[in-house]
$ cat my_file_25.tsv   # TSV, C-alpha atoms and all ligand atoms
chain	number	residue	atom	x	y	z
D	122	MET	CA	0.00	0.00	0.00
D	123	GLU	CA	1.17	3.50	-0.80
D	124	PHE	CA	0.31	6.45	1.45
D	125	PHE	CA	-0.25	10.17	1.18
D	126	THR	CA	0.64	12.55	4.00
D	127	LEU	CA	-1.94	14.98	5.34
D	128	SER	CA	-0.93	18.57	6.16
D	129	ASN	CA	-0.59	17.66	9.86
D	130	GLY	CA	1.86	14.84	9.05
D	131	ILE	CA	-0.60	11.94	9.43
D	132	ARG	CA	-0.26	9.21	6.82
D	133	ILE	CA	-3.35	8.04	4.98
D	134	PRO	CA	-3.59	5.02	2.64
D	135	ALA	CA	-3.82	6.16	-0.99
D	136	VAL	CA	-6.75	3.79	-1.57
D	137	GLY	CA	-9.50	3.03	0.91
D	138	SER	CA	-12.72	1.12	0.80
D	139	GLY	CA	-16.01	2.93	0.33
D	140	THR	CA	-18.79	1.41	2.42
D	141	ASN	CA	-22.06	3.21	1.71
D	142	THR	CA	-23.97	0.03	0.77
D	143	PHE	CA	-22.13	-2.34	3.14
D	144	ALA	CA	-24.05	-4.19	5.86
D	145	LYS	CA	-27.30	-3.78	3.92
D	146	VAL	CA	-29.66	-6.16	2.09
D	147	THR	CA	-31.80	-5.36	-0.91
D	148	THR	CA	-35.53	-5.49	-0.20
D	149	GLU	CA	-38.58	-4.32	-2.13
D	150	ASN	CA	-38.28	-1.10	-0.11
D	151	GLY	CA	-34.68	-0.54	-1.20
D	152	MET	CA	-31.51	-1.29	0.74
D	153	VAL	CA	-32.04	-1.99	4.42
D	154	TYR	CA	-29.34	-2.17	7.08
D	155	ASP	CA	-28.97	-5.58	8.71
D	156	GLY	CA	-25.56	-5.09	10.34
D	157	HIS	CA	-23.64	-7.91	8.62
D	158	THR	CA	-19.87	-7.49	8.57
D	159	ASP	CA	-18.97	-9.67	5.54
D	160	GLU	CA	-17.85	-6.87	3.20
D	161	VAL	CA	-15.64	-5.17	5.80
D	162	VAL	CA	-14.01	-8.44	6.83
D	163	SER	CA	-13.53	-9.41	3.18
D	164	ALA	CA	-11.96	-6.00	2.40
D	165	ILE	CA	-9.49	-6.38	5.28
D	166	ARG	CA	-8.62	-9.84	3.95
D	167	ALA	CA	-8.08	-8.25	0.51
D	168	GLY	CA	-5.63	-5.78	2.07
D	169	TYR	CA	-7.68	-2.65	2.86
D	170	ARG	CA	-6.62	-0.70	5.90
D	171	PHE	CA	-8.83	2.34	5.34
D	172	PHE	CA	-12.63	2.49	5.49
D	173	ASP	CA	-14.78	5.48	4.61
D	174	THR	CA	-18.15	5.56	6.32
D	175	ALA	CA	-20.65	8.24	7.40
D	176	GLU	CA	-23.38	8.72	9.93
D	177	SER	CA	-25.87	8.98	7.07
D	178	TYR	CA	-24.92	5.52	5.72
D	179	GLY	CA	-26.34	4.06	8.94
D	180	ASN	CA	-23.59	1.40	9.00
D	181	GLU	CA	-20.87	2.75	11.32
D	182	GLU	CA	-21.72	0.02	13.83
D	183	ALA	CA	-21.08	-2.73	11.28
D	184	VAL	CA	-17.86	-1.08	10.09
D	185	GLY	CA	-16.59	-0.93	13.69
D	186	ALA	CA	-17.75	-4.50	14.36
D	187	GLY	CA	-16.09	-5.83	11.17
D	188	ILE	CA	-12.79	-4.23	12.13
D	189	LEU	CA	-12.97	-5.81	15.60
D	190	GLU	CA	-14.03	-9.18	14.17
D	191	SER	CA	-11.11	-9.22	11.70
D	192	GLY	CA	-8.63	-9.16	14.57
D	193	ILE	CA	-6.42	-6.74	12.61
D	194	GLY	CA	-6.16	-4.26	15.49
D	195	ARG	CA	-7.69	-0.80	15.53
D	196	GLU	CA	-4.24	0.80	15.34
D	197	ASN	CA	-3.71	-0.73	11.89
D	198	ILE	CA	-6.90	0.74	10.43
D	199	PHE	CA	-7.67	4.26	9.23
D	200	ILE	CA	-11.34	5.24	9.60
D	201	SER	CA	-13.02	8.25	8.07
D	202	THR	CA	-16.57	9.14	8.96
D	203	LYS	CA	-18.78	12.15	8.34
D	204	MET	CA	-21.18	14.34	10.22
D	205	LYS	CA	-24.59	14.53	8.57
D	206	THR	CA	-25.07	18.23	7.91
D	207	LYS	CA	-27.72	18.21	5.19
D	208	SER	CA	-29.57	15.69	3.06
D	209	TRP	CA	-29.05	15.40	-0.70
D	210	GLY	CA	-31.53	17.68	-2.46
D	211	GLN	CA	-32.14	19.80	0.65
D	212	GLU	CA	-31.39	23.48	-0.12
D	213	THR	CA	-30.13	24.67	3.24
D	214	SER	CA	-29.99	23.46	6.79
D	215	SER	CA	-28.97	24.74	10.19
D	216	VAL	CA	-26.14	23.10	12.11
D	217	LYS	CA	-24.92	24.24	15.52
D	218	PRO	CA	-21.68	23.53	17.41
D	219	GLU	CA	-23.53	21.32	19.90
D	220	ASP	CA	-24.83	19.22	16.99
D	221	ALA	CA	-21.22	18.49	16.05
D	222	GLU	CA	-20.35	17.46	19.62
D	223	ALA	CA	-23.31	15.08	19.71
D	224	ALA	CA	-22.54	13.67	16.23
D	225	ILE	CA	-18.90	12.96	17.14
D	226	ALA	CA	-20.01	11.18	20.33
D	227	ARG	CA	-22.50	9.04	18.36
D	228	SER	CA	-19.90	8.06	15.76
D	229	LEU	CA	-17.31	7.14	18.40
D	230	ALA	CA	-19.87	4.95	20.19
D	231	LYS	CA	-21.08	3.24	17.01
D	232	LEU	CA	-17.58	2.62	15.69
D	233	LYS	CA	-16.54	1.35	19.15
D	234	THR	CA	-13.40	3.46	19.14
D	235	ASP	CA	-12.05	6.33	21.21
D	236	TYR	CA	-10.64	8.24	18.22
D	237	ILE	CA	-11.50	8.81	14.57
D	238	ASP	CA	-8.69	9.11	12.04
D	239	LEU	CA	-10.47	11.58	9.76
D	240	TYR	CA	-13.75	13.37	10.48
D	241	LEU	CA	-15.54	15.23	7.68
D	242	LEU	CA	-18.47	17.60	7.40
D	243	HIS	CA	-20.52	15.64	4.85
D	244	MET	CA	-22.00	18.54	2.86
D	245	PRO	CA	-21.85	22.32	2.84
D	246	TRP	CA	-25.21	23.59	4.09
D	247	GLY	CA	-25.25	27.11	2.74
D	248	ASN	CA	-24.32	29.01	5.88
D	249	ASN	CA	-20.66	30.04	6.01
D	250	GLU	CA	-20.85	31.63	9.48
D	251	GLU	CA	-22.39	28.49	11.00
D	252	THR	CA	-19.82	26.34	9.20
D	253	ALA	CA	-16.99	28.33	10.76
D	254	GLU	CA	-18.52	27.90	14.24
D	255	VAL	CA	-19.05	24.15	13.78
D	256	TRP	CA	-15.49	23.89	12.43
D	257	LYS	CA	-14.17	25.25	15.76
D	258	VAL	CA	-15.62	22.16	17.46
D	259	LEU	CA	-13.77	19.90	15.02
D	260	GLU	CA	-10.59	21.89	15.65
D	261	SER	CA	-10.90	21.48	19.42
D	262	TYR	CA	-11.45	17.70	19.11
D	263	CYS	CA	-8.45	17.61	16.76
D	264	ASP	CA	-6.34	19.42	19.39
D	265	ARG	CA	-7.34	16.70	21.89
D	266	GLY	CA	-6.53	13.84	19.49
D	267	VAL	CA	-10.10	12.52	19.44
D	268	LEU	CA	-10.12	13.42	15.75
D	269	ARG	CA	-6.66	12.80	14.28
D	270	ALA	CA	-7.49	14.79	11.15
D	271	ILE	CA	-10.44	16.89	9.98
D	272	GLY	CA	-11.89	17.84	6.64
D	273	ILE	CA	-14.94	18.49	4.54
D	274	SER	CA	-16.82	16.80	1.74
D	275	ASN	CA	-18.56	18.18	-1.34
D	276	PHE	CA	-17.29	21.70	-0.60
D	277	THR	CA	-16.86	23.90	-3.67
D	278	GLU	CA	-14.11	26.50	-4.01
D	279	GLU	CA	-16.59	29.13	-2.80
D	280	ASP	CA	-17.53	27.12	0.33
D	281	LEU	CA	-13.88	26.44	1.01
D	282	SER	CA	-12.54	29.94	0.57
D	283	TYR	CA	-14.72	31.29	3.41
D	284	LEU	CA	-13.69	28.46	5.70
D	285	LEU	CA	-10.01	28.91	4.86
D	286	ASP	CA	-10.26	32.59	5.80
D	287	HIS	CA	-11.96	31.79	9.11
D	288	CYS	CA	-10.31	28.62	10.41
D	289	ARG	CA	-7.41	28.00	12.77
D	290	ILE	CA	-6.70	24.50	11.45
D	291	ARG	CA	-7.07	24.10	7.69
D	292	PRO	CA	-9.16	21.19	6.41
D	293	MET	CA	-6.83	18.33	5.52
D	294	VAL	CA	-9.11	16.58	3.02
D	295	ASN	CA	-11.97	17.48	0.70
D	296	GLN	CA	-13.92	14.40	-0.43
D	297	PHE	CA	-15.87	14.99	-3.63
D	298	LYS	CA	-16.89	13.28	-6.86
D	299	ILE	CA	-13.96	12.63	-9.17
D	300	ALA	CA	-14.42	10.23	-12.09
D	301	PRO	CA	-13.44	10.20	-15.78
D	302	ASP	CA	-16.62	12.05	-16.77
D	303	ARG	CA	-16.33	14.49	-13.84
D	304	PRO	CA	-12.62	15.11	-13.22
D	305	ASN	CA	-13.35	18.33	-11.30
D	306	ALA	CA	-9.85	19.44	-12.23
D	307	ASP	CA	-10.25	23.06	-11.05
D	308	LEU	CA	-11.38	21.99	-7.57
D	309	VAL	CA	-8.59	19.39	-7.39
D	310	ALA	CA	-6.04	22.11	-8.25
D	311	TYR	CA	-7.57	24.57	-5.75
D	312	CYS	CA	-7.44	21.98	-2.96
D	313	GLN	CA	-3.87	20.99	-3.73
D	314	LYS	CA	-2.78	24.63	-3.86
D	315	ASN	CA	-4.21	25.03	-0.36
D	316	GLY	CA	-2.66	21.89	1.11
D	317	ILE	CA	-5.95	19.97	1.10
D	318	LEU	CA	-5.81	16.39	-0.18
D	319	PRO	CA	-8.57	15.64	-2.68
D	320	MET	CA	-10.38	12.34	-2.08
D	321	ALA	CA	-12.44	10.84	-4.91
D	322	TRP	CA	-15.84	9.38	-4.13
D	323	GLY	CA	-17.59	7.39	-6.85
D	324	PRO	CA	-14.32	7.01	-8.80
D	325	LEU	CA	-15.61	3.98	-10.74
D	326	LYS	CA	-19.14	5.23	-11.44
D	327	PHE	CA	-19.30	7.08	-14.74
D	328	GLU	CA	-21.35	7.08	-17.92
D	329	SER	CA	-18.73	8.07	-20.50
D	330	ASP	CA	-17.26	5.64	-23.01
D	331	ARG	CA	-14.58	3.39	-21.53
D	332	SER	CA	-12.83	2.31	-24.73
D	333	ALA	CA	-9.84	4.70	-24.43
D	334	ILE	CA	-9.31	3.65	-20.81
D	335	GLU	CA	-9.64	-0.02	-21.75
D	336	ALA	CA	-7.02	0.37	-24.49
D	337	ILE	CA	-4.59	1.88	-21.97
D	338	ALA	CA	-5.44	-0.88	-19.49
D	339	ALA	CA	-4.69	-3.58	-22.09
D	340	ARG	CA	-1.23	-2.08	-22.70
D	341	HIS	CA	-0.42	-2.46	-18.99
D	342	GLY	CA	-2.10	-5.83	-18.43
D	343	LYS	CA	-4.63	-4.15	-16.11
D	344	ASN	CA	-8.37	-3.44	-16.26
D	345	TRP	CA	-10.24	-0.14	-16.68
D	346	ALA	CA	-10.94	0.23	-12.95
D	347	GLN	CA	-7.27	-0.15	-12.09
D	348	VAL	CA	-6.32	2.48	-14.68
D	349	VAL	CA	-8.85	4.96	-13.26
D	350	LEU	CA	-7.58	4.40	-9.71
D	351	ARG	CA	-3.95	4.56	-10.83
D	352	ARG	CA	-4.66	7.86	-12.59
D	353	ASN	CA	-5.99	9.30	-9.33
D	354	PHE	CA	-2.97	8.05	-7.39
D	355	GLN	CA	-0.52	9.64	-9.87
D	356	LYS	CA	-2.47	12.91	-9.68
D	357	GLY	CA	-2.22	12.99	-5.87
D	358	ILE	CA	-5.86	12.02	-5.30
D	359	ILE	CA	-7.00	9.45	-2.72
D	360	SER	CA	-9.64	7.02	-4.02
D	361	ILE	CA	-12.27	5.15	-2.03
D	362	PRO	CA	-13.76	2.60	-4.46
D	363	LYS	CA	-16.46	0.37	-3.02
D	364	SER	CA	-17.05	-3.25	-3.98
D	365	HIS	CA	-19.11	-6.13	-2.64
D	366	SER	CA	-16.90	-8.60	-4.52
D	367	PHE	CA	-13.67	-9.92	-3.01
D	368	GLU	CA	-12.14	-10.12	-6.50
D	369	HIS	CA	-12.92	-6.47	-7.28
D	370	GLN	CA	-11.73	-5.42	-3.83
D	371	LYS	CA	-8.37	-7.08	-4.53
D	372	GLU	CA	-8.11	-5.67	-8.07
D	373	ASN	CA	-8.76	-2.15	-6.83
D	374	LEU	CA	-5.72	-2.32	-4.55
D	375	ASP	CA	-3.48	-3.84	-7.20
D	376	ILE	CA	-2.52	-0.53	-8.80
D	377	PHE	CA	0.96	0.14	-7.45
D	378	ASP	CA	3.07	-1.88	-9.91
D	379	PHE	CA	2.60	0.11	-13.11
D	380	GLU	CA	2.98	3.70	-14.29
D	381	LEU	CA	0.79	5.70	-16.67
D	382	SER	CA	2.67	7.97	-19.08
D	383	GLY	CA	1.93	11.71	-19.32
D	384	GLU	CA	0.16	11.05	-22.60
D	385	GLU	CA	-1.98	8.33	-21.04
D	386	LEU	CA	-2.87	10.55	-18.09
D	387	ALA	CA	-3.95	13.28	-20.49
D	388	ALA	CA	-6.19	10.82	-22.36
D	389	ILE	CA	-8.20	9.68	-19.31
C	401	LIG	N1	-19.02	12.19	0.37
C	401	LIG	C1	-20.07	11.87	-0.37
C	401	LIG	O1	-21.02	12.65	-0.53
C	401	LIG	C2	-20.11	10.52	-1.01
C	401	LIG	C3	-21.07	10.24	-2.01
C	401	LIG	C4	-21.06	8.97	-2.58
C	401	LIG	C5	-20.13	8.02	-2.18
C	401	LIG	N2	-19.24	8.31	-1.18
C	401	LIG	C6	-18.23	7.30	-0.73
C	401	LIG	O2	-17.49	6.88	-1.87
C	401	LIG	C7	-17.54	5.45	-1.95
C	401	LIG	C8	-17.43	5.00	-3.38
C	401	LIG	O3	-18.47	5.53	-4.17
C	401	LIG	P1	-19.58	4.60	-4.82
C	401	LIG	O4	-19.74	3.40	-3.98
C	401	LIG	O5	-20.77	5.45	-5.07
C	401	LIG	O6	-18.99	4.28	-6.27
C	401	LIG	P2	-17.72	3.49	-6.83
C	401	LIG	O7	-16.92	2.91	-5.74
C	401	LIG	O8	-17.06	4.37	-7.80
C	401	LIG	O9	-18.40	2.35	-7.68
C	401	LIG	C9	-19.04	1.26	-7.08
C	401	LIG	C10	-19.49	0.34	-8.20
C	401	LIG	O10	-18.36	-0.09	-8.95
C	401	LIG	C11	-18.33	-1.52	-9.02
C	401	LIG	N3	-16.93	-1.93	-8.98
C	401	LIG	C12	-16.05	-1.77	-7.98
C	401	LIG	N4	-14.84	-2.26	-8.30
C	401	LIG	C13	-14.97	-2.75	-9.56
C	401	LIG	C14	-14.05	-3.39	-10.45
C	401	LIG	N5	-12.77	-3.61	-10.13
C	401	LIG	N6	-14.52	-3.76	-11.69
C	401	LIG	C15	-15.80	-3.54	-12.04
C	401	LIG	N7	-16.71	-2.94	-11.24
C	401	LIG	C16	-16.29	-2.54	-10.00
C	401	LIG	C17	-19.12	-1.99	-7.82
C	401	LIG	O11	-19.74	-3.23	-8.09
C	401	LIG	P3	-19.31	-4.59	-7.29
C	401	LIG	O12	-19.80	-4.43	-5.89
C	401	LIG	O13	-20.01	-5.64	-8.05
C	401	LIG	O14	-17.82	-4.70	-7.39
C	401	LIG	C18	-20.16	-0.90	-7.66
C	401	LIG	O15	-21.28	-1.14	-8.50
C	401	LIG	C19	-18.86	5.11	-1.27
C	401	LIG	O16	-18.92	3.76	-0.89
C	401	LIG	C20	-18.82	6.06	-0.10
C	401	LIG	O17	-17.99	5.55	0.94
C	401	LIG	C21	-19.20	9.54	-0.61
$ encode --input "my_file_25.tsv" --output "structure tokens" --more "lines below"
Ligand SMILES: NC(=O)c1ccc[n+]([C@@H]2O[C@H](COP(=O)([O-])OP(=O)(O)OC[C@H]3O[C@@H](n4cnc5c(N)ncnc54)[C@H](OP(=O)(O)O)[C@@H]3O)[C@@H](O)[C@H]2O)c1
Amino acid sequence: MEFFTLSNGIRIPAVGSGTNTFAKVTTENGMVYDGHTDEVVSAIRAGYRFFDTAESYGNEEAVGAGILESGIGRENIFISTKMKTKSWGQETSSVKPEDAEAAIARSLAKLKTDYIDLYLLHMPWGNNEETAEVWKVLESYCDRGVLRAIGISNFTEEDLSYLLDHCRIRPMVNQFKIAPDRPNADLVAYCQKNGILPMAWGPLKFESDRSAIEAIAARHGKNWAQVVLRRNFQKGIISIPKSHSFEHQKENLDIFDFELSGEELAAI
């Protein structure tokens, strides 16, 4: 496994496992949480040491339980989780500092841990002043080591610039959609310029034609997913692909033994 280093010196695996549909079964009413730990245990067996979860996924308990069940040792695992700040589609919301304190306590209890490696605000909620106040709570938990690193998710340059002007500790990560059909190159560059590591959610979900990526993959004896994840790694972007298949989980980690050329990177 390769690592990136966050602005506070903490090392983070360059590829982690997404989890949003883990510990759930498909029913006629959609996916329902049942708490099973199979995917987390399988991912650890495949070599993952980093899991990305969120309060809103409703599966932090199963992620924590799977880590314990694997016997790997909490100290060998990097966990990111996120505070629910707003629902998808909701225009604005109101979030107070005490909401953050309560959310952190809930996540610690569900994950059965006394620290979280990376804690993110899941979505900007359209109120910069409130965001800056809530951020102070994250900073104080970071000072105490309860949160080893802090960041945001789905923040645009506009959301970020206010926070950067009003924070004491800069966000260390911004997690947002990065995929071949949505490279979000300007936001990636803005984050990197400001010492914020970009983290790609949904890196393997895209609608655009895959033939150019597949041609590159064939040249390297890899598959399209590995080329997409390798591209992110070479561009300094963390990826958190999610898979329910042990084979895919393994493939998605097997990206550190080949190099894409500048020309290939430009073509993806
Ligand atoms: N911050 C946010 O707002 C936000 C939003 C969305 C997601 N996320 C996070 O990002 C993670 C990843 O995003 P995602 O789950 O939406 O999308 P993704 O990881 O890009 O794609 C998942 C899909 O790709 C398939 N897949 C995985 N590896 C593959 C491989 N090697 N070959 C072929 N197909 C493969 C999976 O199917 P199989 O199971 O069959 O392999 C699954 O259908 C989530 O789990 C979550 O942790 C964050």
$ residues_around --input "my_file_25.tsv" --residues "region 153-170 of chain D" --least-positions-apart "2" --cutoff "6 Å" --atoms "all atoms listed in the file" --output "ChimeraX atom specification"
/D:144-146,183,187,191,198,371
$ closest_atom_pairs --input "my_file_25.tsv" --of "chain D" --to "ligand LIG 401 (chain C)" --cutoff "9 Å" --atoms "all atoms listed in the file" --output "tab-separated table"
residue	atom	partner	partner_atom	distance
D:Gly137	CA	C:LIG401	O17	8.9
D:Ser138	CA	C:LIG401	O17	6.9
D:Gly139	CA	C:LIG401	O16	3.3
D:Thr140	CA	C:LIG401	O16	4.1
D:Asn141	CA	C:LIG401	O16	4.1
D:Thr142	CA	C:LIG401	O16	6.5
D:Phe143	CA	C:LIG401	O16	8.0
D:Phe172	CA	C:LIG401	O17	7.7
D:Asp173	CA	C:LIG401	O17	4.9
D:Thr174	CA	C:LIG401	O17	5.4
D:Ala175	CA	C:LIG401	O17	7.5
D:Tyr178	CA	C:LIG401	O17	8.4
D:Thr202	CA	C:LIG401	O17	8.9
D:Lys203	CA	C:LIG401	N1	8.0
D:Trp209	CA	C:LIG401	O1	8.5
D:Leu241	CA	C:LIG401	N1	8.6
D:Leu242	CA	C:LIG401	N1	8.9
D:His243	CA	C:LIG401	N1	5.9
D:Met244	CA	C:LIG401	O1	6.9
D:Ile273	CA	C:LIG401	N1	8.6
D:Ser274	CA	C:LIG401	N1	5.3
D:Asn275	CA	C:LIG401	O1	6.1
D:Asn295	CA	C:LIG401	N1	8.8
D:Gln296	CA	C:LIG401	N1	5.6
D:Phe297	CA	C:LIG401	N1	5.8
D:Lys298	CA	C:LIG401	C3	7.1
D:Ile299	CA	C:LIG401	O8	8.9
D:Ala300	CA	C:LIG401	O8	7.7
D:Met320	CA	C:LIG401	O2	9.0
D:Ala321	CA	C:LIG401	O2	7.1
D:Trp322	CA	C:LIG401	O2	3.8
D:Gly323	CA	C:LIG401	O8	3.2
D:Pro324	CA	C:LIG401	O8	3.9
D:Leu325	CA	C:LIG401	O8	3.3
D:Lys326	CA	C:LIG401	O8	4.3
D:Phe327	CA	C:LIG401	O8	7.8
D:Asn344	CA	C:LIG401	N5	7.5
D:Trp345	CA	C:LIG401	N6	7.5
D:Ala346	CA	C:LIG401	N5	5.1
D:Gln347	CA	C:LIG401	N5	6.8
D:Ser360	CA	C:LIG401	C8	8.1
D:Ile361	CA	C:LIG401	C7	5.3
D:Pro362	CA	C:LIG401	O7	3.4
D:Lys363	CA	C:LIG401	O7	3.7
D:Ser364	CA	C:LIG401	O12	3.6
D:His365	CA	C:LIG401	O12	3.7
D:Ser366	CA	C:LIG401	O14	4.9
D:Phe367	CA	C:LIG401	O14	8.0
D:Glu368	CA	C:LIG401	N5	7.5
D:His369	CA	C:LIG401	N5	4.0
D:Gln370	CA	C:LIG401	N4	6.3
D:Lys371	CA	C:LIG401	N5	7.9
D:Glu372	CA	C:LIG401	N5	5.5
D:Asn373	CA	C:LIG401	N5	5.4
$ atom_distance --input "my_file_25.tsv" --atom1 "CA of Ser208 (chain D)" --atom2 "CA of Pro245 (chain D)"
10.2 Å
$ residues_around --input "my_file_25.tsv" --residues "Cys312 (chain D)" --least-positions-apart "4" --cutoff "12 Å" --atoms "all atoms listed in the file" --output "PyMOL selection string"
chain D and resi 128+272-282+285+291-297+305-308+316-320+357-358
$ atom_distance --input "my_file_25.tsv" --atom1 "CA of Glu181 (chain D)" --atom2 "CA of Leu232 (chain D)"
5.5 Å
$ closest_residue --input "my_file_25.tsv" --among "D:Glu222, D:Glu176, D:Glu212, D:Asp330" --to "Lys257 (chain D)" --atoms "only C-alpha atoms"
D:Glu222
$ atom_distance --input "my_file_25.tsv" --atom1 "CA of Arg303 (chain D)" --atom2 "CA of Asn248 (chain D)"
25.8 Å
$ closest_residue --input "my_file_25.tsv" --among "D:Ala230, D:Val349, D:Ile193, D:Ala253" --to "Ile389 (chain D)" --atoms "all atoms listed in the file"
D:Val349
$ axis_aligned_box --input "my_file_25.tsv" --around "region 155-169 of chain D" --padding-each-side "3 Å" --output "lines of an AutoDock Vina configuration file"
center_x = -17.3
center_y = -6.2
center_z = 5.4
size_x = 29.3
size_y = 13.2
size_z = 15.8
$ closest_residue --input "my_file_25.tsv" --among "D:Ile271, D:Ile376, D:Ile290, D:Ala388" --to "Ile131 (chain D)" --atoms "all atoms listed in the file"
D:Ile271
$ closest_residue --input "my_file_25.tsv" --among "D:Ala387, D:Gly185, D:Asp302, D:Met122" --to "Lys231 (chain D)" --atoms "all atoms listed in the file"
D:Gly185
$ build_atoms --input "my_file_25.tsv" --residues "region 170-191 of chain D" --atoms "N, CA and C atoms" --output "CSV table (one decimal), in the frame of the given file"
chain,number,residue,atom,x,y,z
D,170,ARG,N,-6.9,-1.2,4.5
D,170,ARG,CA,-6.6,-0.7,5.9
D,170,ARG,C,-7.3,0.6,6.1
D,171,PHE,N,-8.2,1.0,5.2
D,171,PHE,CA,-8.8,2.3,5.3
D,171,PHE,C,-10.3,2.2,4.9
D,172,PHE,N,-11.2,2.5,5.8
D,172,PHE,CA,-12.6,2.5,5.5
D,172,PHE,C,-13.2,3.9,5.6
D,173,ASP,N,-14.1,4.2,4.6
D,173,ASP,CA,-14.8,5.5,4.6
D,173,ASP,C,-16.3,5.2,4.9
D,174,THR,N,-16.7,5.7,6.0
D,174,THR,CA,-18.2,5.6,6.3
D,174,THR,C,-18.7,6.9,6.6
D,175,ALA,N,-20.0,7.0,7.1
D,175,ALA,CA,-20.6,8.2,7.4
D,175,ALA,C,-21.8,7.9,8.3
D,176,GLU,N,-22.2,8.9,9.1
D,176,GLU,CA,-23.4,8.7,9.9
D,176,GLU,C,-24.6,8.4,9.0
D,177,SER,N,-24.7,9.1,7.9
D,177,SER,CA,-25.9,9.0,7.1
D,177,SER,C,-25.9,7.6,6.4
D,178,TYR,N,-24.8,6.9,6.3
D,178,TYR,CA,-24.9,5.5,5.7
D,178,TYR,C,-25.6,4.5,6.7
D,179,GLY,N,-25.7,4.9,7.9
D,179,GLY,CA,-26.3,4.1,8.9
D,179,GLY,C,-25.6,2.8,9.2
D,180,ASN,N,-24.3,2.7,8.9
D,180,ASN,CA,-23.6,1.4,9.0
D,180,ASN,C,-22.3,1.5,9.8
D,181,GLU,N,-22.1,2.6,10.6
D,181,GLU,CA,-20.9,2.8,11.3
D,181,GLU,C,-20.7,1.6,12.3
D,182,GLU,N,-21.8,1.1,12.9
D,182,GLU,CA,-21.7,0.0,13.8
D,182,GLU,C,-21.1,-1.2,13.2
D,183,ALA,N,-21.6,-1.5,12.0
D,183,ALA,CA,-21.1,-2.7,11.3
D,183,ALA,C,-19.6,-2.5,10.8
D,184,VAL,N,-19.3,-1.3,10.5
D,184,VAL,CA,-17.9,-1.1,10.1
D,184,VAL,C,-17.0,-1.3,11.3
D,185,GLY,N,-17.4,-0.7,12.5
D,185,GLY,CA,-16.6,-0.9,13.7
D,185,GLY,C,-16.5,-2.4,14.1
D,186,ALA,N,-17.7,-3.1,14.0
D,186,ALA,CA,-17.8,-4.5,14.4
D,186,ALA,C,-16.9,-5.4,13.4
D,187,GLY,N,-16.9,-5.1,12.1
D,187,GLY,CA,-16.1,-5.8,11.2
D,187,GLY,C,-14.6,-5.7,11.5
D,188,ILE,N,-14.2,-4.5,11.8
D,188,ILE,CA,-12.8,-4.2,12.1
D,188,ILE,C,-12.4,-5.1,13.4
D,189,LEU,N,-13.2,-5.0,14.4
D,189,LEU,CA,-13.0,-5.8,15.6
D,189,LEU,C,-12.9,-7.3,15.3
D,190,GLU,N,-13.9,-7.8,14.5
D,190,GLU,CA,-14.0,-9.2,14.2
D,190,GLU,C,-12.8,-9.7,13.4
D,191,SER,N,-12.2,-8.8,12.5
D,191,SER,CA,-11.1,-9.2,11.7
D,191,SER,C,-9.9,-9.5,12.5
